[in-house]
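K.L.:
Pasting target.cif here (mmCIF, C-alpha atoms and all ligand atoms):
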```
data_query
loop_
_atom_site.label_atom_id
_atom_site.label_comp_id
_atom_site.auth_asym_id
_atom_site.auth_seq_id
_atom_site.Cartn_x
_atom_site.Cartn_y
_atom_site.Cartn_z
CA MET L 27 27.07 -14.99 10.94
CA SER L 28 25.97 -18.20 9.28
CA ARG L 29 26.34 -19.29 5.67
CA THR L 30 22.65 -18.43 5.19
CA THR L 31 23.00 -14.84 6.37
CA ASP L 32 26.33 -14.45 4.52
CA LEU L 33 24.63 -15.41 1.25
CA TYR L 34 21.87 -12.86 1.89
CA ASP L 35 24.48 -10.20 2.59
CA GLN L 36 26.35 -10.97 -0.57
CA TYR L 37 23.63 -11.71 -3.07
CA ILE L 38 20.20 -10.51 -1.94
CA LEU L 39 19.27 -6.87 -2.26
CA ASN L 40 19.28 -5.31 1.16
CA THR L 41 15.66 -4.06 1.34
CA ALA L 42 14.50 -5.77 4.54
CA LYS L 43 15.67 -6.06 8.12
CA ARG L 44 15.68 -9.78 8.90
CA SER L 45 15.93 -11.26 12.40
CA PHE L 46 16.95 -14.91 12.17
CA THR L 47 16.62 -18.00 10.01
CA LEU L 48 13.48 -20.13 10.09
CA VAL L 49 13.73 -23.69 8.85
CA ARG L 50 10.47 -25.45 9.70
CA GLY L 51 6.89 -24.89 10.83
CA GLN L 52 4.03 -26.96 12.19
CA GLY L 53 0.66 -25.51 13.15
CA VAL L 54 1.24 -22.28 15.10
CA ARG L 55 4.90 -23.10 15.73
CA VAL L 56 8.12 -22.48 13.82
CA TRP L 57 11.70 -23.52 14.49
CA ASP L 58 14.88 -21.59 13.76
CA ASP L 59 18.21 -22.99 12.55
CA ALA L 60 19.41 -23.36 16.15
CA GLY L 61 16.45 -25.63 16.92
CA ARG L 62 14.62 -22.99 18.95
CA GLU L 63 10.81 -23.23 18.92
CA LEU L 64 8.70 -20.06 18.55
CA ILE L 65 4.96 -19.42 18.48
CA ASP L 66 4.09 -17.70 15.22
CA PHE L 67 1.48 -14.98 15.72
CA GLY L 68 3.02 -12.88 12.94
CA THR L 69 2.18 -15.52 10.29
CA GLY L 70 4.39 -13.96 7.64
CA VAL L 71 2.40 -10.79 8.08
CA ALA L 72 -1.16 -12.09 8.12
CA VAL L 73 -0.56 -14.78 5.51
CA ASN L 74 -0.45 -18.32 6.99
CA SER L 75 -4.18 -18.50 7.67
CA LEU L 76 -4.09 -22.27 8.27
CA GLY L 77 -0.78 -22.11 10.11
CA HIS L 78 2.21 -24.12 8.93
CA ALA L 79 2.17 -27.50 7.18
CA HIS L 80 -1.60 -27.87 7.43
CA PRO L 81 -2.43 -31.42 6.25
CA ALA L 82 -5.13 -30.25 3.83
CA LEU L 83 -2.73 -27.78 2.17
CA VAL L 84 0.10 -30.32 2.12
CA GLU L 85 -2.30 -32.70 0.36
CA THR L 86 -3.23 -30.05 -2.23
CA TYR L 87 0.43 -29.31 -2.95
CA ALA L 88 1.10 -33.05 -3.15
CA THR L 89 -1.62 -33.82 -5.67
CA GLN L 90 -2.48 -30.80 -7.85
CA PRO L 91 1.02 -30.37 -9.35
CA SER L 92 0.96 -33.85 -10.84
CA LYS L 93 -2.27 -32.89 -12.65
CA LEU L 94 -1.64 -29.28 -13.75
CA ILE L 95 0.31 -26.44 -12.12
CA HIS L 96 -0.09 -23.68 -14.67
CA CYS L 97 -1.67 -23.16 -18.06
CA SER L 98 -2.12 -19.33 -18.46
CA ASN L 99 -5.33 -17.46 -19.14
CA LEU L 100 -5.37 -18.60 -22.74
CA TYR L 101 -7.26 -21.61 -21.39
CA TYR L 102 -9.91 -22.49 -18.84
CA ASN L 103 -8.93 -24.60 -15.85
CA GLU L 104 -11.25 -26.62 -13.64
CA ASN L 105 -10.35 -25.04 -10.30
CA ALA L 106 -10.78 -21.27 -10.75
CA GLY L 107 -14.53 -21.25 -11.46
CA PRO L 108 -15.77 -22.92 -8.27
CA VAL L 109 -13.49 -20.72 -6.16
CA ALA L 110 -14.73 -17.55 -7.88
CA GLU L 111 -18.33 -18.76 -7.42
CA LYS L 112 -17.70 -19.16 -3.69
CA LEU L 113 -16.01 -15.76 -3.34
CA VAL L 114 -18.91 -14.09 -5.17
CA SER L 115 -21.40 -15.86 -2.91
CA LEU L 116 -19.54 -14.27 0.03
CA ALA L 117 -18.90 -10.80 -1.44
CA GLY L 118 -22.10 -10.20 -3.40
CA PRO L 119 -23.15 -10.18 -7.04
CA GLY L 120 -20.07 -9.46 -9.11
CA LYS L 121 -16.97 -10.95 -10.70
CA ILE L 122 -13.51 -12.04 -9.52
CA PHE L 123 -10.11 -11.31 -11.06
CA PHE L 124 -7.25 -13.47 -9.83
CA ALA L 125 -3.79 -11.93 -9.41
CA ASN L 126 -0.55 -12.80 -7.61
CA SER L 127 -0.17 -10.39 -4.71
CA GLY L 128 -1.90 -7.71 -2.71
CA ALA L 129 -0.25 -4.91 -4.62
CA GLU L 130 -1.33 -6.42 -7.93
CA ALA L 131 -4.90 -6.82 -6.66
CA ASN L 132 -4.87 -3.12 -5.68
CA GLU L 133 -3.44 -2.21 -9.09
CA GLY L 134 -6.62 -3.78 -10.46
CA LEU L 135 -8.75 -1.52 -8.25
CA ILE L 136 -6.76 1.53 -9.36
CA LYS L 137 -7.15 0.57 -13.02
CA LEU L 138 -10.87 0.08 -12.39
CA ALA L 139 -10.98 3.66 -11.05
CA ARG L 140 -9.29 4.92 -14.24
CA LEU L 141 -11.72 2.99 -16.45
CA HIS L 142 -14.64 4.41 -14.46
CA GLY L 143 -13.21 7.93 -14.77
CA HIS L 144 -12.92 7.63 -18.54
CA ALA L 145 -16.24 5.89 -19.13
CA ASN L 146 -18.47 7.73 -16.68
CA ARG L 147 -16.82 10.88 -15.28
CA GLY L 148 -15.26 12.83 -18.13
CA GLY L 149 -11.73 11.55 -17.54
CA ALA L 150 -11.69 12.00 -13.76
CA TYR L 151 -8.62 10.23 -12.36
CA GLU L 152 -8.07 11.28 -8.78
CA ILE L 153 -8.12 8.61 -6.08
CA VAL L 154 -8.67 9.76 -2.53
CA SER L 155 -7.00 7.47 0.00
CA THR L 156 -6.03 7.95 3.64
CA THR L 157 -2.94 8.98 5.56
CA ASN L 158 -1.29 6.14 7.44
CA SER L 159 -2.66 3.65 4.90
CA PHE L 160 -0.72 0.91 3.17
CA HIS L 161 -1.61 -0.37 -0.28
CA GLY L 162 1.55 -2.00 -1.64
CA ARG L 163 4.94 -1.37 -3.23
CA THR L 164 4.26 -0.93 -6.95
CA MET L 165 4.28 2.61 -8.37
CA ALA L 166 0.48 2.97 -8.38
CA THR L 167 0.11 1.48 -4.91
CA ILE L 168 2.89 3.55 -3.30
CA THR L 169 1.13 6.55 -4.83
CA ALA L 170 -2.07 5.51 -3.07
CA THR L 171 -0.23 4.75 0.18
CA GLY L 172 -0.46 7.68 2.58
CA GLN L 173 2.96 7.25 4.19
CA GLU L 174 5.90 9.36 3.07
CA LYS L 175 8.46 6.71 4.06
CA ILE L 176 6.94 4.29 1.53
CA TYR L 177 7.11 6.61 -1.50
CA HIS L 178 10.12 8.72 -0.57
CA GLY L 179 12.76 8.63 -3.30
CA PHE L 180 10.42 7.31 -5.98
CA GLU L 181 8.84 10.61 -7.00
CA PRO L 182 7.31 11.74 -9.29
CA LEU L 183 4.34 9.61 -8.31
CA LEU L 184 1.32 9.00 -10.51
CA PRO L 185 -0.87 12.07 -10.90
CA GLY L 186 -4.11 12.23 -8.95
CA ALA L 187 -3.20 11.01 -5.46
CA VAL L 188 -5.07 12.74 -2.65
CA HIS L 189 -4.56 11.72 0.99
CA VAL L 190 -6.89 12.66 3.83
CA PRO L 191 -6.97 11.51 7.50
CA PHE L 192 -8.63 8.14 8.17
CA ASN L 193 -12.06 8.10 9.84
CA ASP L 194 -12.49 11.81 9.01
CA ILE L 195 -15.64 12.06 6.92
CA GLU L 196 -15.48 15.85 6.59
CA ALA L 197 -11.98 15.66 5.10
CA MET L 198 -13.22 13.02 2.68
CA ARG L 199 -16.25 15.10 1.75
CA ALA L 200 -14.00 18.10 1.07
CA ALA L 201 -11.59 16.02 -1.04
CA ILE L 202 -14.20 14.52 -3.36
CA GLY L 203 -14.76 16.67 -6.43
CA PRO L 204 -15.31 16.56 -10.19
CA LYS L 205 -11.84 15.08 -10.75
CA THR L 206 -12.37 12.22 -8.29
CA ALA L 207 -12.75 8.73 -9.74
CA ALA L 208 -12.61 6.68 -6.55
CA VAL L 209 -12.05 6.51 -2.82
CA LEU L 210 -9.77 3.74 -1.53
CA ILE L 211 -9.63 2.70 2.14
CA GLU L 212 -8.72 -0.26 4.32
CA GLY L 213 -11.56 -1.50 6.54
CA VAL L 214 -8.96 -1.86 9.29
CA GLN L 215 -5.67 -0.05 8.71
CA GLY L 216 -3.09 -2.79 9.19
CA GLU L 217 0.50 -1.62 8.64
CA GLY L 218 -0.57 1.78 9.96
CA GLY L 219 -1.21 0.33 13.44
CA VAL L 220 -4.51 -1.67 13.50
CA PHE L 221 -7.14 1.07 13.30
CA PRO L 222 -10.68 -0.12 12.41
CA ALA L 223 -12.97 2.18 10.44
CA ASP L 224 -15.87 3.65 12.40
CA PRO L 225 -19.25 2.25 11.38
CA GLY L 226 -20.66 5.75 10.89
CA TYR L 227 -17.70 6.66 8.68
CA LEU L 228 -18.29 3.63 6.46
CA LYS L 229 -21.99 4.34 6.05
CA GLU L 230 -21.45 8.02 5.29
CA LEU L 231 -18.62 7.20 2.89
CA ARG L 232 -20.91 4.83 1.01
CA ARG L 233 -23.59 7.50 0.85
CA ILE L 234 -21.37 10.34 -0.39
CA THR L 235 -19.44 8.24 -2.93
CA LYS L 236 -22.68 6.93 -4.41
CA GLU L 237 -24.12 10.45 -4.55
CA ALA L 238 -20.97 11.78 -6.26
CA GLY L 239 -20.75 8.87 -8.71
CA VAL L 240 -17.37 7.95 -7.27
CA LEU L 241 -16.27 4.34 -6.67
CA LEU L 242 -15.78 3.07 -3.14
CA LEU L 243 -12.81 0.67 -3.22
CA MET L 244 -11.78 -1.37 -0.22
CA ASP L 245 -8.31 -2.80 0.29
CA ALA L 246 -9.01 -5.98 2.25
CA VAL L 247 -5.61 -7.52 1.52
CA GLN L 248 -4.87 -7.77 5.23
CA CYS L 249 -8.20 -7.30 7.05
CA GLY L 250 -10.35 -9.35 4.64
CA PHE L 251 -10.92 -13.04 4.02
CA PHE L 252 -12.19 -13.81 7.54
CA ARG L 253 -9.26 -12.13 9.33
CA THR L 254 -11.61 -10.13 11.57
CA GLY L 255 -13.99 -13.03 12.21
CA ALA L 256 -16.23 -12.15 9.26
CA PHE L 257 -15.58 -12.46 5.53
CA GLN L 258 -15.15 -8.69 5.34
CA SER L 259 -14.11 -6.36 8.15
CA PHE L 260 -17.05 -4.01 7.59
CA GLU L 261 -19.48 -6.84 8.40
CA ARG L 262 -17.77 -7.34 11.74
CA ILE L 263 -17.51 -3.59 12.38
CA PHE L 264 -21.28 -3.13 11.98
CA GLU L 265 -21.96 -6.25 14.04
CA GLU L 266 -19.73 -5.04 16.90
CA ALA L 267 -21.47 -1.68 16.88
CA GLY L 268 -24.84 -3.45 17.06
CA ASP L 269 -25.74 -1.51 13.93
CA GLU L 270 -28.68 -3.23 12.30
CA SER L 271 -29.74 -0.27 10.19
CA ALA L 272 -30.80 -0.81 6.60
CA GLU L 273 -27.71 1.14 5.50
CA ALA L 274 -25.39 -1.15 7.44
CA LYS L 275 -27.11 -4.26 6.10
CA ALA L 276 -26.93 -3.01 2.51
CA PHE L 277 -23.36 -1.71 2.83
CA ARG L 278 -21.20 -2.94 -0.01
CA PRO L 279 -18.19 -1.30 -1.65
CA ASP L 280 -17.88 -1.32 -5.45
CA ALA L 281 -14.72 -3.41 -5.41
CA ILE L 282 -12.64 -5.31 -2.84
CA SER L 283 -9.04 -6.50 -3.08
CA MET L 284 -7.82 -9.63 -1.27
CA ALA L 285 -4.51 -11.48 -0.81
CA LYS L 286 -2.41 -12.58 2.19
CA SER L 287 -4.67 -15.05 4.13
CA LEU L 288 -6.45 -15.91 0.85
CA GLY L 289 -3.44 -17.94 -0.27
CA GLY L 290 -2.19 -19.08 3.13
CA GLY L 291 1.39 -18.76 1.83
CA PHE L 292 0.85 -19.30 -1.89
CA PRO L 293 1.50 -15.95 -3.62
CA ILE L 294 -1.98 -15.03 -4.79
CA GLY L 295 -4.29 -12.04 -4.83
CA ALA L 296 -7.74 -11.32 -6.16
CA PHE L 297 -10.26 -8.58 -6.51
CA TRP L 298 -14.01 -8.63 -6.55
CA VAL L 299 -15.92 -6.01 -8.52
CA SER L 300 -19.66 -5.54 -8.30
CA ASP L 301 -21.84 -6.35 -11.29
CA ALA L 302 -22.52 -2.63 -11.77
CA PHE L 303 -18.86 -1.98 -12.70
CA ALA L 304 -17.50 -5.38 -13.80
CA GLY L 305 -18.34 -4.52 -17.42
CA LEU L 306 -15.72 -1.76 -17.44
CA PHE L 307 -13.10 -4.47 -17.99
CA ALA L 308 -13.14 -6.04 -21.45
CA VAL L 309 -11.24 -8.86 -23.11
CA GLY L 310 -7.62 -7.75 -23.35
CA SER L 311 -7.98 -4.73 -21.04
CA HIS L 312 -6.34 -6.38 -18.03
CA ASN L 313 -4.60 -9.68 -17.49
CA THR L 314 -1.76 -11.48 -15.75
CA THR L 315 0.20 -14.61 -16.63
CA TYR L 316 -0.17 -16.60 -13.42
CA GLY L 317 -3.48 -15.30 -12.04
CA GLY L 318 -6.11 -17.95 -11.34
CA SER L 319 -3.72 -20.83 -12.00
CA PRO L 320 -4.90 -24.40 -11.34
CA LEU L 321 -2.52 -24.71 -8.39
CA GLY L 322 -3.18 -21.27 -6.90
CA THR L 323 -6.94 -21.63 -7.04
CA ALA L 324 -6.77 -25.22 -5.71
CA VAL L 325 -4.99 -23.74 -2.69
CA ILE L 326 -7.71 -21.10 -2.17
CA GLY L 327 -10.35 -23.82 -2.56
CA THR L 328 -8.68 -25.91 0.14
CA ILE L 329 -8.49 -22.94 2.51
CA LEU L 330 -12.15 -22.05 1.94
CA ALA L 331 -13.23 -25.66 2.48
CA THR L 332 -11.14 -25.97 5.66
CA ILE L 333 -12.49 -22.72 7.12
CA GLU L 334 -16.01 -24.04 6.54
CA LYS L 335 -15.45 -27.65 7.62
CA ASP L 336 -13.60 -26.76 10.83
CA ASN L 337 -15.83 -23.79 11.67
CA LEU L 338 -12.80 -21.52 11.82
CA VAL L 339 -14.80 -18.27 11.75
CA GLN L 340 -16.23 -19.20 15.14
CA ASN L 341 -12.76 -20.22 16.29
CA ILE L 342 -11.35 -16.81 15.30
CA ARG L 343 -14.06 -15.13 17.40
CA ASP L 344 -13.55 -17.41 20.40
CA ARG L 345 -9.77 -16.99 20.32
CA GLU L 346 -10.20 -13.22 19.92
CA ALA L 347 -12.03 -13.21 23.23
CA ASP L 348 -9.19 -15.21 24.86
CA LEU L 349 -6.46 -13.05 23.37
CA VAL L 350 -8.03 -9.63 23.92
CA GLY L 351 -9.11 -10.64 27.43
CA GLY L 352 -5.57 -11.77 28.23
CA LEU L 353 -3.92 -8.70 26.73
CA LYS L 354 -6.27 -6.35 28.60
CA ALA L 355 -5.48 -8.17 31.85
CA LEU L 356 -1.78 -7.63 31.11
CA GLN L 357 -2.47 -3.96 30.33
CA ALA L 358 -3.79 -3.53 33.87
CA ARG L 359 -0.44 -4.72 35.23
CA TYR L 360 2.06 -3.45 32.66
CA PRO L 361 1.75 0.29 32.00
CA VAL L 362 4.02 -0.08 28.94
CA ILE L 363 0.84 -1.27 27.18
CA THR L 364 -1.01 1.87 26.11
CA ALA L 365 -3.86 0.27 24.12
CA VAL L 366 -5.31 -3.02 22.89
CA ARG L 367 -7.46 -2.81 19.76
CA GLY L 368 -8.56 -4.75 16.73
CA LEU L 369 -10.93 -7.50 15.66
CA GLY L 370 -10.72 -11.26 15.28
CA ALA L 371 -7.25 -12.50 14.40
CA MET L 372 -5.96 -8.94 13.94
CA ILE L 373 -5.15 -7.42 17.30
CA GLY L 374 -2.81 -4.49 17.88
CA LEU L 375 -0.92 -4.06 21.11
CA GLU L 376 0.12 -0.44 21.39
CA LEU L 377 3.21 0.13 23.49
CA ALA L 378 5.04 3.06 25.01
CA VAL L 379 8.15 1.89 23.16
CA GLU L 380 8.90 1.50 19.45
CA PRO L 381 8.44 -1.90 17.78
CA ALA L 382 12.19 -1.91 17.07
CA VAL L 383 12.75 -2.00 20.84
CA ALA L 384 9.91 -4.42 21.62
CA MET L 385 10.38 -7.02 18.88
CA PRO L 386 13.67 -8.48 20.15
CA LYS L 387 12.10 -8.98 23.58
CA PHE L 388 9.21 -10.90 22.05
CA HIS L 389 11.66 -12.99 20.04
CA GLU L 390 13.66 -13.80 23.18
CA ALA L 391 10.40 -14.86 24.83
CA GLY L 392 9.66 -17.18 21.87
CA LEU L 393 6.88 -15.23 20.17
CA LEU L 394 6.75 -13.93 16.60
CA LEU L 395 4.58 -10.84 16.06
CA ALA L 396 4.46 -8.23 13.29
CA PRO L 397 5.34 -4.58 13.89
CA ALA L 398 2.85 -1.91 12.78
CA GLY L 399 3.09 1.86 12.69
CA SER L 400 5.39 3.65 15.12
CA LYS L 401 4.31 2.00 18.40
CA THR L 402 2.23 -1.12 17.79
CA VAL L 403 2.87 -4.85 17.47
CA ARG L 404 0.29 -7.02 15.73
CA TYR L 405 -1.05 -10.40 16.85
CA LEU L 406 -2.10 -12.11 13.61
CA PRO L 407 -2.58 -15.73 14.73
CA PRO L 408 -3.51 -18.44 12.24
CA TYR L 409 -7.25 -19.22 12.10
CA ILE L 410 -6.58 -22.71 13.52
CA VAL L 411 -5.05 -21.43 16.78
CA THR L 412 -6.30 -23.16 19.95
CA ARG L 413 -7.19 -21.70 23.34
CA ALA L 414 -4.13 -23.39 24.89
CA GLU L 415 -1.86 -21.85 22.24
CA VAL L 416 -3.30 -18.38 22.89
CA GLY L 417 -2.58 -19.03 26.57
CA GLU L 418 1.04 -19.86 25.79
CA ALA L 419 1.37 -16.77 23.61
CA LEU L 420 0.04 -14.66 26.49
CA GLU L 421 2.59 -16.18 28.88
CA ARG L 422 5.37 -15.39 26.44
CA THR L 423 3.94 -11.88 26.04
CA GLU L 424 4.24 -11.37 29.78
CA THR L 425 7.84 -12.58 29.73
CA ALA L 426 8.60 -10.04 27.00
CA LEU L 427 6.78 -7.24 28.86
CA LYS L 428 8.91 -7.86 31.96
CA GLY L 429 11.95 -6.93 29.86
CA LEU L 430 10.48 -3.67 28.55
C1 LIG P 501 0.33 -6.37 2.58
C2 LIG P 501 -0.64 -5.36 2.07
C3 LIG P 501 -0.64 -4.96 0.72
C4 LIG P 501 0.40 -5.44 -0.26
O1 LIG P 501 0.33 -6.81 -0.49
P1 LIG P 501 1.57 -7.55 -1.19
O2 LIG P 501 1.10 -8.97 -1.35
O3 LIG P 501 2.75 -7.40 -0.30
O4 LIG P 501 1.78 -6.89 -2.51
C5 LIG P 501 -1.62 -4.09 0.30
N1 LIG P 501 -2.55 -3.62 1.14
C6 LIG P 501 -2.59 -3.98 2.44
C7 LIG P 501 -3.66 -3.46 3.34
C8 LIG P 501 -1.62 -4.85 2.96
O5 LIG P 501 -1.63 -5.17 4.26
#
```
So, in terms of structure tokens, how does the structure I just supplied come out?
P.N.:
Amino acid sequence: MSRTTDLYDQYILNTAKRSFTLVRGQGVRVWDDAGRELIDFGTGVAVNSLGHAHPALVETYATQPSKLIHCSNLYYNENAGPVAEKLVSLAGPGKIFFANSGAEANEGLIKLARLHGHANRGGAYEIVSTTNSFHGRTMATITATGQEKIYHGFEPLLPGAVHVPFNDIEAMRAAIGPKTAAVLIEGVQGEGGVFPADPGYLKELRRITKEAGVLLLMDAVQCGFFRTGAFQSFERIFEEAGDESAEAKAFRPDAISMAKSLGGGFPIGAFWVSDAFAGLFAVGSHNTTYGGSPLGTAVIGTILATIEKDNLVQNIRDREADLVGGLKALQARYPVITAVRGLGAMIGLELAVEPAVAMPKFHEAGLLLAPAGSKTVRYLPPYIVTRAEVGEALERTETALKGL
């Protein structure tokens, strides 16, 4: 017990199981309070997209606050517009709303569904989402989350939640009816265990939602913003499948939420909504105090510029090949590995043991990962990771596997 952990025990609500105390980070590495160095492939659960203490981010934090940190949405600021312009150029014709977290970004999608239901579907309010999904911890987002352990004890939930199995188009077809306002899915289920959507599922989902007049909402809080080696996971999913059909090329949801890697550690979220539905929001209908602040959007701008300047999308793809290749080679020798799956900087290692058993072994070996689902650990390296660092992480993985 240290003074740090004592203070947590005494004064911080006990809602999380914490391992040890981190005091410093640099690049892909972090150090604990005993001076031990660890490779961080958990990145605060898919957040530190540029790793720790990236010079460009340090520079932004060093300069923007002396100009303007915050001014509210009663005023324009100079940083939000160019960032929104860039995000729209990546996502497609539409508009951006800036928020503060993934859950708040998803709240925006859920409110969009309600507005659409009222304006265009006779008050329809049901949102069909998937079992094993994760959408956040607010009341609306735990309602959408298809995992009992997340909403247990908080009932009654919001009316209109329907959950169907992921990648099951027939279940989705059966669930969509006159009361449905929207469908909400992750392109790659993250917390649920790193399960990418099938390309055929995505295309069919787009077709049936359009036909039914129901919104297709995508929660890209974890799998979006270049995480999979493309701006959006669905782009990478179609590319991997070699799907060059017109449907795949034209595929676009009606709204997309983002957070995590978007802020690289600054608490920020955002959603994009297509031009067809952006008009459902009006002045005063939705807002947030901090969203789109000069500092927050300066941070996003720096991350976007760094990804472009340093060609990090290509790096994510190259390091994916190193990491997946290495993990598959380990799988051949360690039967405790039951599967390797994922895309880009979002790779799940499925094990024959629970994450609660595996995580301490990875920690002992000097590697931070993130647990997912009931039997998977996630490799979520920062976009700046090098081939040598992936190699080190693989060595430490093998050390951990020897103890399992
Ligand atoms: C982390 C996560 C959220 C919630 O984001 P917060 O910033 O913790 O509110 C929502 N959806 C997905 C897919 C996530 O991974």
K.L.:
Quick one: residues within 7 Å of region 415-419 of chain L, all atoms listed in the file, excluding same-chain residues fewer than 4 positions away - as a ChimeraX atom specification?
P.N.:
/L:65,348-349,393,411,423
K.L.:
Residues of chain L within 8 Å of ligand LIG 501 (chain P): nearest atom pair and distance (Å, one decimal) for each, counting only C-alpha atoms and all ligand atoms, sorted by chain and number, as CSV?
P.N.:
```
residue,atom,partner,partner_atom,distance
L:Val71,CA,P:LIG501,C1,7.4
L:Ala72,CA,P:LIG501,O5,7.9
L:Asn126,CA,P:LIG501,O2,7.5
L:Ser127,CA,P:LIG501,O2,3.9
L:Gly128,CA,P:LIG501,O1,3.3
L:Ala129,CA,P:LIG501,O4,3.5
L:Glu130,CA,P:LIG501,O4,6.3
L:Ala131,CA,P:LIG501,O4,7.9
L:Asn132,CA,P:LIG501,C5,6.9
L:Ser159,CA,P:LIG501,C7,7.3
L:Phe160,CA,P:LIG501,C7,5.3
L:His161,CA,P:LIG501,N1,3.7
L:Gly162,CA,P:LIG501,C4,3.9
L:Arg163,CA,P:LIG501,O4,6.4
L:Thr164,CA,P:LIG501,O4,7.8
L:Thr167,CA,P:LIG501,C5,7.8
L:Glu212,CA,P:LIG501,C7,6.1
L:Gln215,CA,P:LIG501,C7,6.7
L:Gly216,CA,P:LIG501,O5,5.7
L:Glu217,CA,P:LIG501,O5,6.0
L:Asp245,CA,P:LIG501,C7,5.6
L:Ala246,CA,P:LIG501,C7,6.0
L:Val247,CA,P:LIG501,C6,4.7
L:Gln248,CA,P:LIG501,O5,4.3
L:Cys249,CA,P:LIG501,C7,7.0
L:Ala285,CA,P:LIG501,O2,6.2
L:Lys286,CA,P:LIG501,O2,6.2
L:Pro293,CA,P:LIG501,O2,7.4
L:Ile294,CA,P:LIG501,O2,7.6
L:Gly295,CA,P:LIG501,O2,7.1
```
K.L.:
If we count all atoms listed in the file, what is near Lys401 (chain L) at a cut-off of 8 Å, once residues fewer than 4 positions away on the same chain are taken out, given as a list in words?
P.N.:
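With the cut-off at 8 Å, the set is Gly219, Glu376, Leu377, Ala378, Val379, Glu380 and Pro381 of chain L.
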K.L.:
Have a look at L:Gly179, L:Ala79, L:Val403, L:Leu338 and name the one nearest to Ala365 (chain L); count only C-alpha atoms.
P.N.:
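Result for the nearest residue to Ala365 (chain L): L:Val403.
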K.L.:
Calculated over all atoms listed in the file, which of the candidates L:Arg62, L:Arg367, L:Lys428, L:Arg422 has the smallest distance to Arg404 (chain L)?
P.N.:
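The closest residue to Arg404 (chain L) is L:Arg367.
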K.L.:
Considering only C-alpha atoms, can you say which of L:Gly392, L:Gly213, L:Pro191, L:Pro407 comes closest to Ser155 (chain L)?
P.N.:
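Distance minimum relative to Ser155 (chain L) lands on L:Pro191.
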K.L.:
Sorted by chain and rising residue number, list the residues of region 94-177 of chain L at most 6 Å from region 308-329 of chain L (counting only C-alpha atoms), each with its closest atom pair and distance in Å to one decimal, as a tab-separated table.
P.N.:
```
residue	atom	partner	partner_atom	distance
L:Ile95	CA	L:Leu321	CA	5.0
L:His96	CA	L:Ser319	CA	5.3
L:Ser98	CA	L:Thr315	CA	5.6
L:Asn105	CA	L:Pro320	CA	5.6
L:Ala106	CA	L:Thr323	CA	5.4
L:Val109	CA	L:Gly327	CA	5.7
L:Phe124	CA	L:Gly317	CA	4.7
L:Ala125	CA	L:Gly317	CA	4.3
L:Asn126	CA	L:Gly317	CA	5.9
```
K.L.:
Using the partial input, fill out region 265-277 of chain L with N, CA and C atoms; write the result as a short mmCIF file (atom, residue, chain, number, x, y, z; two decimals), keeping the file's coordinate frame.
P.N.:
```cif
data_model
loop_
_atom_site.label_atom_id
_atom_site.label_comp_id
_atom_site.auth_asym_id
_atom_site.auth_seq_id
_atom_site.Cartn_x
_atom_site.Cartn_y
_atom_site.Cartn_z
N GLU L 265 -21.46 -5.31 13.04
CA GLU L 265 -21.96 -6.25 14.04
C GLU L 265 -21.53 -5.82 15.45
N GLU L 266 -20.25 -5.46 15.59
CA GLU L 266 -19.73 -5.04 16.90
C GLU L 266 -20.44 -3.80 17.42
N ALA L 267 -20.79 -2.93 16.49
CA ALA L 267 -21.47 -1.68 16.88
C ALA L 267 -22.95 -1.92 17.14
N GLY L 268 -23.41 -3.16 16.92
CA GLY L 268 -24.84 -3.45 17.06
C GLY L 268 -25.68 -2.67 16.06
N ASP L 269 -25.05 -2.33 14.94
CA ASP L 269 -25.74 -1.51 13.93
C ASP L 269 -26.54 -2.41 12.99
N GLU L 270 -27.84 -2.39 13.15
CA GLU L 270 -28.68 -3.23 12.30
C GLU L 270 -29.50 -2.38 11.35
N SER L 271 -29.03 -1.17 11.10
CA SER L 271 -29.74 -0.27 10.19
C SER L 271 -29.75 -0.84 8.78
N ALA L 272 -30.71 -0.37 7.98
CA ALA L 272 -30.80 -0.81 6.60
C ALA L 272 -29.51 -0.46 5.85
N GLU L 273 -28.95 0.70 6.16
CA GLU L 273 -27.71 1.14 5.50
C GLU L 273 -26.55 0.19 5.79
N ALA L 274 -26.47 -0.23 7.06
CA ALA L 274 -25.39 -1.15 7.44
C ALA L 274 -25.59 -2.49 6.74
N LYS L 275 -26.83 -2.96 6.72
CA LYS L 275 -27.11 -4.26 6.10
C LYS L 275 -26.81 -4.24 4.61
N ALA L 276 -27.11 -3.10 3.97
CA ALA L 276 -26.93 -3.01 2.51
C ALA L 276 -25.52 -2.58 2.13
N PHE L 277 -24.68 -2.26 3.13
CA PHE L 277 -23.36 -1.71 2.83
C PHE L 277 -22.56 -2.66 1.95
#
```
